[in-house]
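Student: Structure file work_13.txt (compact mmCIF, C-alpha atoms and all ligand atoms) is given on the next line.
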# COMPACT_ATOMS: atom_id res chain seq x y z
CA MET A 1 -0.94 14.23 -29.51
CA GLU A 2 -0.73 17.40 -27.45
CA ASN A 3 2.21 18.15 -25.21
CA LEU A 4 1.09 18.51 -21.59
CA ASN A 5 4.45 19.76 -20.34
CA ASN A 6 4.02 22.55 -17.72
CA LYS A 7 0.24 22.24 -17.64
CA VAL A 8 -1.32 22.28 -14.17
CA ALA A 9 -3.48 19.34 -13.09
CA LEU A 10 -5.63 18.55 -10.08
CA VAL A 11 -6.36 14.90 -9.37
CA THR A 12 -8.97 14.47 -6.65
CA GLY A 13 -8.26 11.42 -4.51
CA GLY A 14 -4.73 11.34 -5.88
CA SER A 15 -3.21 9.81 -2.76
CA ARG A 16 -4.05 6.18 -3.51
CA GLY A 17 -5.21 3.72 -6.15
CA ILE A 18 -6.32 4.92 -9.58
CA GLY A 19 -5.77 8.58 -8.70
CA LYS A 20 -2.19 7.92 -7.67
CA GLY A 21 -1.57 6.11 -10.96
CA ILE A 22 -2.89 9.09 -12.91
CA VAL A 23 -0.84 11.55 -10.83
CA LEU A 24 2.38 9.68 -11.60
CA ALA A 25 1.56 9.35 -15.29
CA LEU A 26 0.85 13.09 -15.56
CA ALA A 27 4.03 14.00 -13.67
CA ALA A 28 6.05 11.84 -16.07
CA GLU A 29 4.70 14.08 -18.89
CA GLY A 30 5.98 17.21 -17.14
CA VAL A 31 2.58 18.21 -15.73
CA HIS A 32 2.57 20.08 -12.41
CA VAL A 33 0.23 18.02 -10.29
CA ALA A 34 -1.91 18.87 -7.27
CA VAL A 35 -2.53 15.67 -5.33
CA ASN A 36 -5.78 15.98 -3.41
CA TYR A 37 -6.47 13.70 -0.45
CA GLN A 38 -8.87 13.59 2.46
CA HIS A 39 -7.04 11.55 5.14
CA SER A 40 -3.88 10.07 3.57
CA SER A 41 -1.45 12.95 4.04
CA ASP A 42 1.63 10.70 4.35
CA GLU A 43 0.80 8.92 1.08
CA ALA A 44 0.13 12.22 -0.74
CA GLU A 45 3.34 13.82 0.57
CA GLU A 46 5.34 10.74 -0.42
CA ILE A 47 4.00 10.88 -4.00
CA CYS A 48 4.87 14.60 -4.20
CA LYS A 49 8.37 13.97 -2.85
CA LYS A 50 8.93 11.30 -5.51
CA ILE A 51 7.80 13.71 -8.24
CA LYS A 52 9.97 16.55 -6.91
CA ASP A 53 12.99 14.24 -6.53
CA ASN A 54 12.60 13.55 -10.26
CA GLY A 55 12.63 17.28 -11.04
CA GLY A 56 8.86 17.76 -11.29
CA LYS A 57 6.40 20.04 -9.49
CA ALA A 58 3.73 18.69 -7.17
CA LEU A 59 1.57 19.82 -4.28
CA ALA A 60 -0.31 17.71 -1.74
CA VAL A 61 -3.60 19.41 -0.91
CA GLN A 62 -6.09 18.27 1.72
CA ALA A 63 -9.83 18.75 1.15
CA ASP A 64 -13.04 16.83 1.47
CA VAL A 65 -14.24 17.30 -2.10
CA SER A 66 -17.86 17.02 -1.04
CA GLU A 67 -17.60 20.22 1.03
CA GLU A 68 -17.91 23.52 -0.85
CA ALA A 69 -15.74 25.62 1.48
CA GLU A 70 -12.95 23.04 1.43
CA VAL A 71 -13.08 22.81 -2.36
CA ARG A 72 -12.83 26.60 -2.69
CA LYS A 73 -9.82 26.69 -0.37
CA MET A 74 -8.15 23.84 -2.26
CA ILE A 75 -8.53 25.48 -5.68
CA GLU A 76 -7.20 28.78 -4.30
CA LYS A 77 -4.18 27.01 -2.82
CA VAL A 78 -3.44 25.21 -6.09
CA LYS A 79 -3.76 28.48 -8.01
CA ASN A 80 -1.35 30.26 -5.65
CA GLU A 81 1.26 27.50 -5.58
CA LEU A 82 1.08 25.85 -9.02
CA GLY A 83 -1.12 28.14 -11.14
CA GLY A 84 -4.62 27.97 -12.65
CA ILE A 85 -5.78 24.42 -13.26
CA ASP A 86 -5.76 23.19 -16.87
CA ILE A 87 -6.52 19.52 -16.28
CA LEU A 88 -9.06 18.22 -13.78
CA VAL A 89 -9.47 14.55 -12.95
CA ASN A 90 -12.59 13.96 -10.83
CA ASN A 91 -11.48 10.68 -9.31
CA ALA A 92 -12.17 10.79 -5.54
CA GLY A 93 -14.80 8.28 -4.55
CA ILE A 94 -16.13 5.87 -1.98
CA ALA A 95 -17.80 2.46 -2.23
CA LYS A 96 -19.62 0.48 0.44
CA LYS A 97 -20.83 -2.94 -0.67
CA GLN A 98 -24.41 -3.47 0.46
CA ASN A 99 -27.51 -5.38 -0.59
CA VAL A 100 -30.56 -3.53 -1.92
CA GLU A 101 -32.36 -3.55 1.44
CA GLU A 102 -29.28 -2.39 3.38
CA VAL A 103 -28.73 0.94 1.64
CA SER A 104 -30.16 3.66 3.90
CA LEU A 105 -31.10 7.14 2.75
CA GLU A 106 -28.08 8.38 4.69
CA ASP A 107 -25.80 6.00 2.75
CA PHE A 108 -27.38 7.08 -0.53
CA ASP A 109 -26.96 10.80 0.20
CA LYS A 110 -23.38 10.37 1.34
CA THR A 111 -22.32 8.41 -1.75
CA ILE A 112 -23.98 10.94 -4.06
CA LYS A 113 -22.32 13.79 -2.18
CA VAL A 114 -18.82 12.33 -2.35
CA ASN A 115 -18.89 10.62 -5.76
CA LEU A 116 -21.15 12.89 -7.83
CA ARG A 117 -21.88 16.29 -6.26
CA SER A 118 -18.12 16.71 -5.71
CA GLY A 119 -17.60 16.58 -9.49
CA PHE A 120 -19.93 19.54 -9.90
CA LEU A 121 -18.36 21.49 -7.03
CA VAL A 122 -14.78 21.05 -8.20
CA THR A 123 -15.48 21.49 -11.91
CA GLN A 124 -17.44 24.71 -11.39
CA GLU A 125 -14.58 26.14 -9.33
CA VAL A 126 -11.95 25.17 -11.88
CA LEU A 127 -13.81 26.22 -15.03
CA PRO A 128 -13.01 29.96 -14.88
CA TYR A 129 -9.29 29.14 -15.22
CA MET A 130 -9.89 26.83 -18.19
CA ARG A 131 -12.23 29.30 -19.89
CA GLY A 132 -9.69 32.08 -19.38
CA LYS A 133 -7.12 30.06 -21.34
CA ASN A 134 -9.50 28.60 -23.93
CA TRP A 135 -8.06 25.22 -23.06
CA GLY A 136 -9.06 22.60 -20.55
CA ARG A 137 -9.44 18.89 -19.87
CA ILE A 138 -12.06 17.38 -17.58
CA LEU A 139 -11.97 13.65 -16.90
CA MET A 140 -14.46 11.79 -14.73
CA ILE A 141 -13.55 8.43 -13.26
CA SER A 142 -16.92 6.70 -13.48
CA SER A 143 -17.39 2.92 -13.43
CA VAL A 144 -18.78 -0.09 -15.23
CA ALA A 145 -21.39 0.11 -12.44
CA ALA A 146 -22.93 3.06 -14.33
CA GLN A 147 -23.61 0.68 -17.22
CA THR A 148 -24.32 -2.71 -15.58
CA GLY A 149 -25.40 -1.81 -12.03
CA GLY A 150 -22.15 -3.34 -10.76
CA VAL A 151 -21.38 -5.17 -7.52
CA VAL A 152 -21.32 -2.35 -4.94
CA GLY A 153 -24.79 -0.90 -4.37
CA VAL A 154 -27.63 1.20 -5.78
CA ASP A 155 -26.12 4.39 -4.34
CA TYR A 156 -22.77 3.72 -6.01
CA ALA A 157 -24.25 2.77 -9.41
CA THR A 158 -26.41 5.90 -9.36
CA SER A 159 -23.50 8.18 -8.51
CA LYS A 160 -21.34 6.71 -11.27
CA ALA A 161 -24.13 7.00 -13.87
CA GLY A 162 -24.68 10.63 -12.86
CA GLN A 163 -21.04 11.39 -13.62
CA LEU A 164 -21.67 10.39 -17.24
CA GLY A 165 -24.54 12.85 -17.68
CA MET A 166 -22.48 15.58 -16.03
CA MET A 167 -19.57 14.84 -18.34
CA ARG A 168 -21.77 14.97 -21.46
CA TYR A 169 -23.24 18.32 -20.41
CA TYR A 170 -19.83 19.88 -19.88
CA ALA A 171 -18.56 18.37 -23.15
CA LYS A 172 -21.43 19.76 -25.21
CA ASN A 173 -21.37 23.20 -23.68
CA LEU A 174 -17.63 23.80 -23.48
CA ALA A 175 -16.38 22.29 -26.75
CA GLU A 176 -16.18 25.65 -28.52
CA GLU A 177 -13.96 26.97 -25.76
CA GLY A 178 -11.29 24.31 -26.22
CA ILE A 179 -12.38 22.39 -23.15
CA THR A 180 -12.99 18.65 -23.45
CA ALA A 181 -14.84 16.42 -20.99
CA ASN A 182 -14.68 12.64 -21.01
CA ALA A 183 -15.12 9.69 -18.68
CA ILE A 184 -13.40 6.41 -17.98
CA ALA A 185 -15.54 3.47 -16.88
CA PRO A 186 -13.30 0.85 -15.27
CA ALA A 187 -14.37 -2.53 -14.01
CA LEU A 188 -12.49 -3.96 -11.03
CA ILE A 189 -9.07 -2.36 -10.57
CA ASP A 190 -6.67 -3.65 -7.91
CA THR A 191 -6.89 -0.88 -5.28
CA ASP A 192 -7.82 -0.48 -1.60
CA MET A 193 -11.41 0.16 -2.72
CA VAL A 194 -11.75 -3.27 -4.29
CA ALA A 195 -9.90 -4.95 -1.39
CA GLY A 196 -12.43 -3.28 0.92
CA LEU A 197 -15.43 -4.66 -0.96
CA GLY A 198 -14.77 -8.17 0.39
CA GLY A 199 -15.51 -11.34 -1.52
CA VAL A 200 -15.25 -9.82 -5.00
CA LYS A 201 -13.10 -12.21 -7.02
CA PRO A 202 -11.19 -11.60 -10.27
CA GLU A 203 -12.93 -14.67 -11.74
CA ILE A 204 -15.99 -12.50 -12.50
CA ILE A 205 -13.86 -10.60 -15.04
CA PRO A 206 -13.50 -12.34 -18.44
CA VAL A 207 -9.70 -11.82 -18.45
CA LYS A 208 -9.62 -13.39 -14.95
CA ARG A 209 -7.66 -10.67 -13.22
CA PHE A 210 -8.20 -7.26 -11.70
CA GLY A 211 -6.95 -4.32 -13.72
CA LYS A 212 -3.99 -2.18 -12.69
CA SER A 213 -4.06 1.51 -11.83
CA GLU A 214 -1.26 1.98 -14.37
CA GLU A 215 -3.51 0.58 -17.11
CA VAL A 216 -6.20 3.14 -16.25
CA ALA A 217 -3.58 5.91 -16.06
CA ASN A 218 -2.27 5.02 -19.50
CA LEU A 219 -5.77 5.39 -20.96
CA ALA A 220 -6.30 8.65 -19.05
CA LEU A 221 -3.16 10.11 -20.55
CA SER A 222 -4.23 9.26 -24.12
CA ILE A 223 -7.58 10.98 -23.56
CA LEU A 224 -6.05 14.05 -21.90
CA LYS A 225 -3.53 14.50 -24.72
CA ASN A 226 -6.21 14.47 -27.42
CA GLY A 227 -8.17 17.65 -28.12
CA TYR A 228 -10.54 16.01 -30.62
CA ILE A 229 -12.09 13.57 -28.17
CA THR A 230 -14.95 14.91 -26.08
CA GLY A 231 -18.21 13.65 -24.62
CA GLN A 232 -17.01 10.05 -24.62
CA THR A 233 -16.95 7.21 -22.10
CA PHE A 234 -14.01 4.83 -22.35
CA ASN A 235 -14.49 1.31 -21.00
CA ILE A 236 -11.52 -0.46 -19.41
CA ASN A 237 -13.09 -3.57 -18.01
CA GLY A 238 -11.23 -6.77 -18.88
CA GLY A 239 -14.10 -7.77 -21.13
CA MET A 240 -16.88 -7.21 -18.56
CA GLN A 241 -19.10 -5.69 -21.24
CA PRO A 242 -21.92 -3.29 -20.50
CA SER A 243 -25.25 -4.98 -21.31
P1 LIG B 301 -9.31 4.08 -3.34
O1 LIG B 301 -8.13 3.23 -3.54
O2 LIG B 301 -10.26 3.76 -2.23
O3 LIG B 301 -8.86 5.62 -3.25
C1 LIG B 301 -9.85 6.57 -3.08
C2 LIG B 301 -9.25 7.94 -3.16
O4 LIG B 301 -10.32 8.90 -3.04
C3 LIG B 301 -8.28 8.22 -2.04
O5 LIG B 301 -7.24 9.03 -2.54
C4 LIG B 301 -9.13 8.99 -1.04
O6 LIG B 301 -8.41 9.90 -0.21
C5 LIG B 301 -10.02 9.78 -1.97
N1 LIG B 301 -11.25 10.26 -1.34
C6 LIG B 301 -12.31 9.55 -0.90
N2 LIG B 301 -13.25 10.37 -0.39
C7 LIG B 301 -12.76 11.63 -0.53
C8 LIG B 301 -13.26 12.91 -0.20
N3 LIG B 301 -14.47 13.08 0.36
N4 LIG B 301 -12.49 13.98 -0.47
C9 LIG B 301 -11.28 13.85 -1.07
N5 LIG B 301 -10.75 12.65 -1.38
C10 LIG B 301 -11.49 11.56 -1.12
O7 LIG B 301 -10.23 4.06 -4.65
P2 LIG B 301 -9.90 3.71 -6.17
O8 LIG B 301 -10.22 2.29 -6.38
O9 LIG B 301 -8.58 4.23 -6.56
O10 LIG B 301 -11.06 4.53 -6.89
C11 LIG B 301 -10.86 5.80 -7.48
C12 LIG B 301 -12.08 6.14 -8.33
O11 LIG B 301 -12.26 5.12 -9.33
C13 LIG B 301 -13.38 6.19 -7.53
O12 LIG B 301 -14.19 7.22 -8.00
C14 LIG B 301 -14.03 4.85 -7.84
O13 LIG B 301 -15.42 4.90 -7.73
C15 LIG B 301 -13.57 4.64 -9.27
N6 LIG B 301 -13.58 3.25 -9.70
C16 LIG B 301 -12.81 2.33 -9.07
C17 LIG B 301 -12.84 1.02 -9.50
C18 LIG B 301 -12.01 -0.05 -8.86
O14 LIG B 301 -12.24 -1.22 -9.18
N7 LIG B 301 -11.05 0.27 -8.02
C19 LIG B 301 -13.66 0.64 -10.56
C20 LIG B 301 -14.45 1.61 -11.16
C21 LIG B 301 -14.39 2.91 -10.75
P3 LIG B 301 -7.67 9.40 1.15
O15 LIG B 301 -6.53 8.54 0.68
O16 LIG B 301 -7.22 10.63 1.81
O17 LIG B 301 -8.69 8.62 1.90
Show me this structure written as structure tokens.
Ligand code: NAP
Tutor:
Amino acid sequence: MENLNNKVALVTGGSRGIGKGIVLALAAEGVHVAVNYQHSSDEAEEICKKIKDNGGKALAVQADVSEEAEVRKMIEKVKNELGGIDILVNNAGIAKKQNVEEVSLEDFDKTIKVNLRSGFLVTQEVLPYMRGKNWGRILMISSVAAQTGGVVGVDYATSKAGQLGMMRYYAKNLAEEGITANAIAPALIDTDMVAGLGGVKPEIIPVKRFGKSEEVANLALSILKNGYITGQTFNINGGMQPS
């Protein structure tokens, strides 16, 4: 497995939930981590303080990842303070549980913009640094919803499925340059997002519990440390198998 010590990572939506778990796992490997957030500055700063107190390097960086100008500014800031990004985890996302008839065009566009278009915006901005080093890791946090439709809504399932196509394109076209792209497709993980869905019970998962952010982070680390895995989707779903 590759040593990630002193690599520079950006985790979008690193302030809470799955992103936070991945940030802490990367920092424990000696990675210098940029913790992106939109609103949760206290949470992001607290994570960075914890990493720095343990001798690591971290930077909290605010940006709405669905906005091009904010993404540009964020990548520039990370480059100036930590260096060019080697590892990108496209994790930031939103989920609003709605029935088929409730999802408006506005809802659909917003979910696509935050969950899917953001992956394109951030990846395109980060790629020149990876290509310059002939080394890079791109990881999309997709969802079992991409495979089964899921429990959130048509907008969410569509955005998560789109991430898989995006990942495969980057994987195929960047493999020769030492850049891998993969995706993780979790089922229900115990985070604010799932708490906010309301009425979704762990009983719908075969193992009868929600997953933990640490379990997703552990898988993320294995993927990011392996240069021979690319173009793959890894399911972590407590047995909730894709049909
Ligand atoms: P969460 O607890 O709600 O955290 C969401 C994170 O995304 C927060 O850090 C939030 O920042 C950030 N974020 C949201 N919109 C943003 C924007 N426009 N710009 C920048 N940051 C933004 O969610 P989670 O459960 O950890 O989910 C993380 C990812 O995993 C999402 O892509 C989600 O779709 C996916 N996923 C989750 C589950 C699950 O069961 N939890 C299952 C499958 C896939 P602030 O803190 O600043 O608001």
Student: Would you place a box with edges along x, y and z of the file around all atoms of ligand LIG 301 (chain B) listed there, add 6 Å to each of its six sides, and report the centre and edge lengths in Å to one decimal, as AutoDock Vina command-line options?
Tutor:
--center_x -11.0 --center_y 6.4 --center_z -4.6 --size_x 20.9 --size_y 27.2 --size_z 25.1
Student: Contacts of Arg209 of chain A at 8 Å or less, counting all atoms listed in the file, minus same-chain residues fewer than 5 places along, as a VMD selection string?
Tutor: chain A and resid 202 to 203 238
Student: For ligand LIG 301 (chain B), return the neighbouring residues as a count of residues only (distance at most 6 Å; all atoms listed in the file).
Tutor: 33
Student: Suppose you want the space between atom CA of Val71 of chain A and atom CA of Thr123 of chain A; what is it in Å?
Tutor: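 We find that atom CA of Val71 of chain A and atom CA of Thr123 of chain A lie 9.9 Å from each other.
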Student: Using all atoms listed in the file, which residue out of A:Glu29, A:Asp107, A:Glu68, A:Glu43 lies closest to Tyr156 of chain A?
Tutor: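 The shortest atom-to-atom distance to Tyr156 of chain A comes from A:Asp107.
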Student: Atom CA of Ile87 of chain A to atom CA of Met130 of chain A: how many Å, to one decimal?
Tutor: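 Atom CA of Met130 of chain A lies 8.3 Å from atom CA of Ile87 of chain A.
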Student: Please determine, counting all atoms listed in the file, which residue among A:Ile138, A:Ala161, A:Ile204, A:Leu224 has the shortest atom-to-atom distance to Leu26 of chain A.
Tutor: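 Closest to Leu26 of chain A of all the choices is A:Leu224.
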Student: Give the answer as one residue: which of A:Val100, A:Val207, A:Leu127, A:Ile75 has the shortest atom-to-atom distance to Asn173 of chain A, using all atoms listed in the file?
Tutor: A:Leu127
Student: Figure out the distance between atom CA of Gly231 of chain A and atom CA of Val151 of chain A, please, to one decimal in Å.
Tutor: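 Answer for the atom CA of Val151 of chain A to atom CA of Gly231 of chain A separation: 25.6 Å.
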Student: Between A:Pro206, A:Ala175, A:Asn115, A:Gly150, which residue has the minimum interatomic distance to Gln163 of chain A, considering all atoms listed in the file?
Tutor: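 Looking only at the distances to Gln163 of chain A, the closest residue turns out to be A:Asn115.
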Student: Need the shell around segment 34-36 of chain A: protein/DNA/RNA residues with any atom at most 6 Å away, counting all atoms listed in the file. Skip same-chain ones fewer than 4 positions apart. Format as a VMD selection string?
Tutor: chain A and resid 10 to 14 58 to 62
Student: Which residue, A:Gly21, A:Gly149, A:Gly136, A:Gly119, has the smallest gap to Glu176 of chain A when you use all atoms listed in the file?
Tutor: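 The shortest atom-to-atom distance to Glu176 of chain A comes from A:Gly136.
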Student: Pick out the closest residue to Ile47 of chain A from this set: A:Ala25, A:Ala185, A:Gly165, A:Leu139. Count all atoms listed in the file.
Tutor: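 Ranking A:Ala25, A:Ala185, A:Gly165, A:Leu139 by distance to Ile47 of chain A, first place goes to A:Ala25.
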